[in-house]
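Chemist: Sharing a structure below in structure tokens format, with a few things to ask.
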4 protein chains.
Amino acid sequence: MPIRVTVWGENVHEHKNETVRAIYPKGMHTCIADALNQDQEITAVTATLDQPDHGLTDAVLATTDVLSWWGHMAHDKVDDKIVSRVHKRVLEGMGLIVLHSGHYAKIFKRLMGTTCSLSWREAGEKERLWVCNPGHPIAQGIDKYFELPNEEMYGEPFGIPSPDEQVFISWFEGGEVFRSGCCYFRGNGRIFYFRPGHETYPTYHHPQVQLVMRNAVKWAKCQGGIWKDGCPNVPVDKAPEKITTKGPTMHKPGEAGYR
Amino acid sequence: MPIRVTVWGENVHEHKNETVRAIYPKGMHTCIADALNQDQEITAVTATLDQPDHGLTDAVLATTDVLSWWGHMAHDKVDDKIVSRVHKRVLEGMGLIVLHSGHYAKIFKRLMGTTCSLSWREAGEKERLWVCNPGHPIAQGIDKYFELPNEEMYGEPFGIPSPDEQVFISWFEGGEVFRSGCCYFRGNGRIFYFRPGHETYPTYHHPQVQLVMRNAVKWAKCQGGIWKDGCPNVPVDKAPEKITTKGPTMHKPGEAGYR
Amino acid sequence: MPIRVTVWGENVHEHKNETVRAIYPKGMHTCIADALNQDQEITAVTATLDQPDHGLTDAVLATTDVLSWWGHMAHDKVDDKIVSRVHKRVLEGMGLIVLHSGHYAKIFKRLMGTTCSLSWREAGEKERLWVCNPGHPIAQGIDKYFELPNEEMYGEPFGIPSPDEQVFISWFEGGEVFRSGCCYFRGNGRIFYFRPGHETYPTYHHPQVQLVMRNAVKWAKCQGGIWKDGCPNVPVDKAPEKITTKGPTMHKPGEAGYR
Amino acid sequence: MPIRVTVWGENVHEHKNETVRAIYPKGMHTCIADALNQDQEITAVTATLDQPDHGLTDAVLATTDVLSWWGHMAHDKVDDKIVSRVHKRVLEGMGLIVLHSGHYAKIFKRLMGTTCSLSWREAGEKERLWVCNPGHPIAQGIDKYFELPNEEMYGEPFGIPSPDEQVFISWFEGGEVFRSGCCYFRGNGRIFYFRPGHETYPTYHHPQVQLVMRNAVKWAKCQGGIWKDGCPNVPVDKAPEKITTKGPTMHKPGEAGYR
């Protein structure tokens, strides 16, 4: 069965800005989904902010193996209820790919727990992404590095937890560096942050960006089972070792804990 | 100058439950603060849920080196605005010690990004905390292990990111295990989760629990400077290398980025 | 193509000790290989200390996807040259599963860089292995925990780097705990340490130990490509950005670096 | 009491190469020690390859809080016995700062367990080191970045385990990037790898390199106690819980384990 990807796009700039519309006439999300669908092991569909539940209903998430996320100017328009729903699914085992300005998306900040801040500059400068582990699944088919002729600059310090695996680090023409490909294991979910993708440049048309995205989908897909969380109470008579209750308790037997 | 600690306590059980009141007549927070103040290098004060801003005003946090947090039945009563304020300070460099049922405190969940779930049982069983690094600052003065005669059981799976340093793992009489002393580096803050402390047992009167708390304060205190976050724009003419703008941009020079 | 596993066994106790011989008449390595070969996705062969090159020639390693390692009393009989050969292959991308007393194998110590020390007791006591992430590939098919009626005890502190992923933690009847299932990413290799397997008990006949081994093989297998290391010199005229040499140099152009 | 530092220098280039001698007439190690001794909290002495035991006797190491290491062309001249001695002390709690070409020093490779490989170029190009956590103790007094006008280039992929804390990442004029300030916790030791320091440039005379070195000494110093390793046997009658031996054993009571 192919890997089922939902490509989420904010889809706002494409309607407000002539430059962005010209590059992505069908929206950035459609461009990304098309790139993923070039791989027969992947079936990608799209979802956008303006849809009911932002296109991310329980039914959609239940049949999504990997979610990709691009947002920028409307992060605060994303409903916290939907963020919680996505968050729960990621921790259960759904893969997540967060793109570019998604560093400030609610879902990314919630998963990282940090500022996710960085320094930035819009000058259309050259970015060169270096591979930190040539054997990593996400770097397959990429040489020592690849270049994007025009990109926004993101620079260190990047306010993230130490990545569990570092796949790319970027060099910028203007003199900065950035951890631009970062893998995280959180709960039972795999998260990949991938830096490139400023809306005023044709980054998602770039063949190596598309290749990295396809690789990332395969990496992020759950490799085991689902972790259904419940904070279960273990009754005294179900303890693995035989014990009897000593001293006072707060909860009555069978009562749920506080949340 | 001594390390300035604010001991935050929910302070609800102490008023609602006779058992808890009997053990902690002045509140758990006061017991903890008294234990910390036994060390001349530490000056501890308290703050509670019922105070304005839960006792955690900007002024209080600005003069707090390390915050300790105990909450249980009123996690949802903690104002999100105050959580954001504490979160910001931790990432800037304030130390944080999260105790026991604080695994479900808003501030801990926000910093970890995971479910922070676990299994649990209230049977007053024996807990034995094993030291995983005998040289660790937080384990100084503790032998190979220490025991608590009566505690609530918390069991794996514990829904946390892999700890940056593991200080304690617990053995329970009823047959479970738990990562009960976990260190994290997040932003510029140091976070220590310490498992023991169920309100119906006199855990915070225990000398070795008190010793671990004093050690943890010294470990959690900021060792360097403050990281003031701002997501700064770097103007093109301030780039370290001389560049000129190429292609279209989204922002006008000097404009702030989207959040 | 099935995953090609080489099961390495020291194969000494089986010849010196009547108890061990009775449990593993064909050797522990054969028992493990048989268990792996129950899965059609795996093809396991064996190699032992007494063979030329300990059975680990370049040709064998070149066609091994995952190597499993059990050793105990003859760690120091393993040729350093073979250890280096295995080490190189792991960093290139061969998976490695290290079993029980292999915590002191040369290859494990070389990969971890730490003491790999622990406390221990031979009393045939009960061990209960708790799952720390129910969704992890290595824990599939295992309930919340599984038990071994008789095992050697290994206790904390375990002298290892913080695991990249914690899969199991053990509870022992005698009162200790131990990080008994630990995942590491090193170079391009995946390493899984799995605690059970004392030679005087029939641990490798246990169905859940066998299941974990099969799961671990699938997890440890290289998911991407090979990382061939060379510490390459980048000649000045091959720099991605045009530069000219400034100041004095130590090496002549084209010269290899010092090792 | 001041922090006692031993600055180890290979001290070979200084005698063989006129350029190096001119920059460091008293040796690189003396230059580094002088820089450290500018701080009243530090007392630095030197040790070199040509001394008995390379100047690293048990007595010297026993009174060394932090060891700094620079080597290049004579890595293989360092006696394995001395490497083991240093390794043991680091895991017990001695801090270690590894400099530049020390990425290939035996002690660094042994602690990391990986290839420690990288790409490199000697062109005297500009290096700019970016701070990844402005609040980190090692980055205090450093602005967003600092520059070295002439340095050897080290480029990714750098064959190291994921750093526990990333302090610096370098940008090179020729187009590469490198994780140039990496913190590790191993056993009870703190290890800092710091990239700059090619022998043909006056890097260790640079005020900000010197400042980072002084900061690193303070960071690397043991903050807790010593971890004396012994792989202790726990006799059955000393188990925390009362147990009796079941089934056969390999060792007689009191016997040491195999190593």
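Just so we're on the same page: first chain in the structure tokens is A, next is B, and so on; residues restart at 1 for each chain, and ligands are numbered from 1 in the order they show up.
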Per residue of range 99-143 of chain D within 12 Å of range 94-112 of chain C, note the shortest atom pair and the distance in Å to one decimal, counting only C-alpha atoms, and order the rows by chain and increasing residue number, as CSV.
Modeler:
residue,atom,partner,partner_atom,distance
D:Lys106,CA,C:Arg110,CA,11.5
D:Ile107,CA,C:Arg110,CA,11.4
D:Phe108,CA,C:Arg110,CA,11.5
D:Lys109,CA,C:Arg110,CA,8.8
D:Arg110,CA,C:Arg110,CA,6.4
D:Leu111,CA,C:Met112,CA,7.4
D:Met112,CA,C:Met112,CA,7.0
D:Gly113,CA,C:Leu111,CA,4.1
D:Thr114,CA,C:Leu111,CA,6.7
D:Thr115,CA,C:Leu111,CA,10.0
D:Cys116,CA,C:Leu111,CA,12.0
Chemist: Kindly save the residues from that selection, with C-alpha atoms included, as a PDB file, in the first residue's frame.
Modeler:
ATOM      1  CA  LYS D 106      43.107   8.576  19.743  1.00  0.00           C
ATOM      2  CA  ILE D 107      41.392   9.918  22.850  1.00  0.00           C
ATOM      3  CA  PHE D 108      38.694  11.720  20.868  1.00  0.00           C
ATOM      4  CA  LYS D 109      38.008   8.758  18.597  1.00  0.00           C
ATOM      5  CA  ARG D 110      37.807   6.491  21.611  1.00  0.00           C
ATOM      6  CA  LEU D 111      35.305   8.719  23.369  1.00  0.00           C
ATOM      7  CA  MET D 112      33.142   9.333  20.315  1.00  0.00           C
ATOM      8  CA  GLY D 113      33.175   5.789  18.899  1.00  0.00           C
ATOM      9  CA  THR D 114      32.789   7.104  15.348  1.00  0.00           C
ATOM     10  CA  THR D 115      35.101   7.932  12.429  1.00  0.00           C
ATOM     11  CA  CYS D 116      35.508  11.589  13.470  1.00  0.00           C
TER      12      CYS D 116
END
Chemist: Please identify all polymer residues within 8 Å of Leu129 in chain B, counting only C-alpha atoms, omitting same-chain residues fewer than 4 positions from it, and present them as a list in words.
Modeler: Tyr145, Phe146, Glu147, Phe168, Ile169, Ser170, Trp171 and Ser180 of chain B
Chemist: Chain D residues within 12 Å of chain A, counting only C-alpha atoms: which ones, as number ranges by chain?
Modeler: D: 115, 117-119, 126-136, 139, 143-147, 155-180, 182-184
Chemist: Using DSSP assignments from the backbone, pull out every residue in range 40-178 of chain A that falls under alpha helix (DSSP H) and give it to me as a ChimeraX atom specification.
Modeler: /A:58-62,80-92,106-112
Chemist: Enumerate, as a PyMOL selection string, the complete set of residues in range 40-114 of chain C that a backbone-based DSSP assignment places in strand (DSSP E).
Modeler: chain C and resi 42-48+66-70+95-99
Chemist: Can you pull out every residue within 9 Å of Ile243 in chain B, counting only C-alpha atoms, but drop anything in the same chain fewer than 3 positions away, and send it as a list of chain:residue names?
Modeler: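 In the requested format, the answer is A:Ala123, A:Glu125, A:Glu173, A:Gly174, B:Val236, B:Asp237, B:Ala239, B:Pro240, B:Lys246.
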Chemist: Do a neighbour search on range 249-252 of chain D at 8 Å with only C-alpha atoms, toss out local chain neighbours closer than 4 positions, and write the hits as a count of residues only.
Modeler: 6
Chemist: Which one is closest to Glu14 in chain B: B:Pro2, B:Pro149, B:Gly71, B:Gly55? Count only C-alpha atoms.
Modeler: B:Gly71
Chemist: Just to confirm, what's the straight-line distance from CA of Thr30 in chain D to CA of Leu49 in chain D in Å (one decimal)?
Modeler: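 Here the two named atoms are 13.6 Å from each other.
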Chemist: Which residues, written as a list in words, have at least one atom at most 10 Å from Val20 in chain C, with only C-alpha atoms counted and residues fewer than 5 positions away on the same chain left out?
Modeler: Val12, His13, Glu14, His15, Pro25, Gly27, Met28, His198, Glu199, Thr200, Tyr201 and Pro202 of chain C; Pro248, Thr249 and Met250 of chain D
Chemist: What gap, in Å, lies between CA of Ser68 in chain A and CA of Val7 in chain A?
Modeler: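 One can read the CA of Ser68 in chain A to CA of Val7 in chain A distance as 4.8 Å.
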Chemist: Which residue, C:Asn188, C:Leu61, C:Tyr258, C:Ile42, has the smallest gap to Trp8 in chain C when you use only C-alpha atoms?
Modeler: C:Leu61
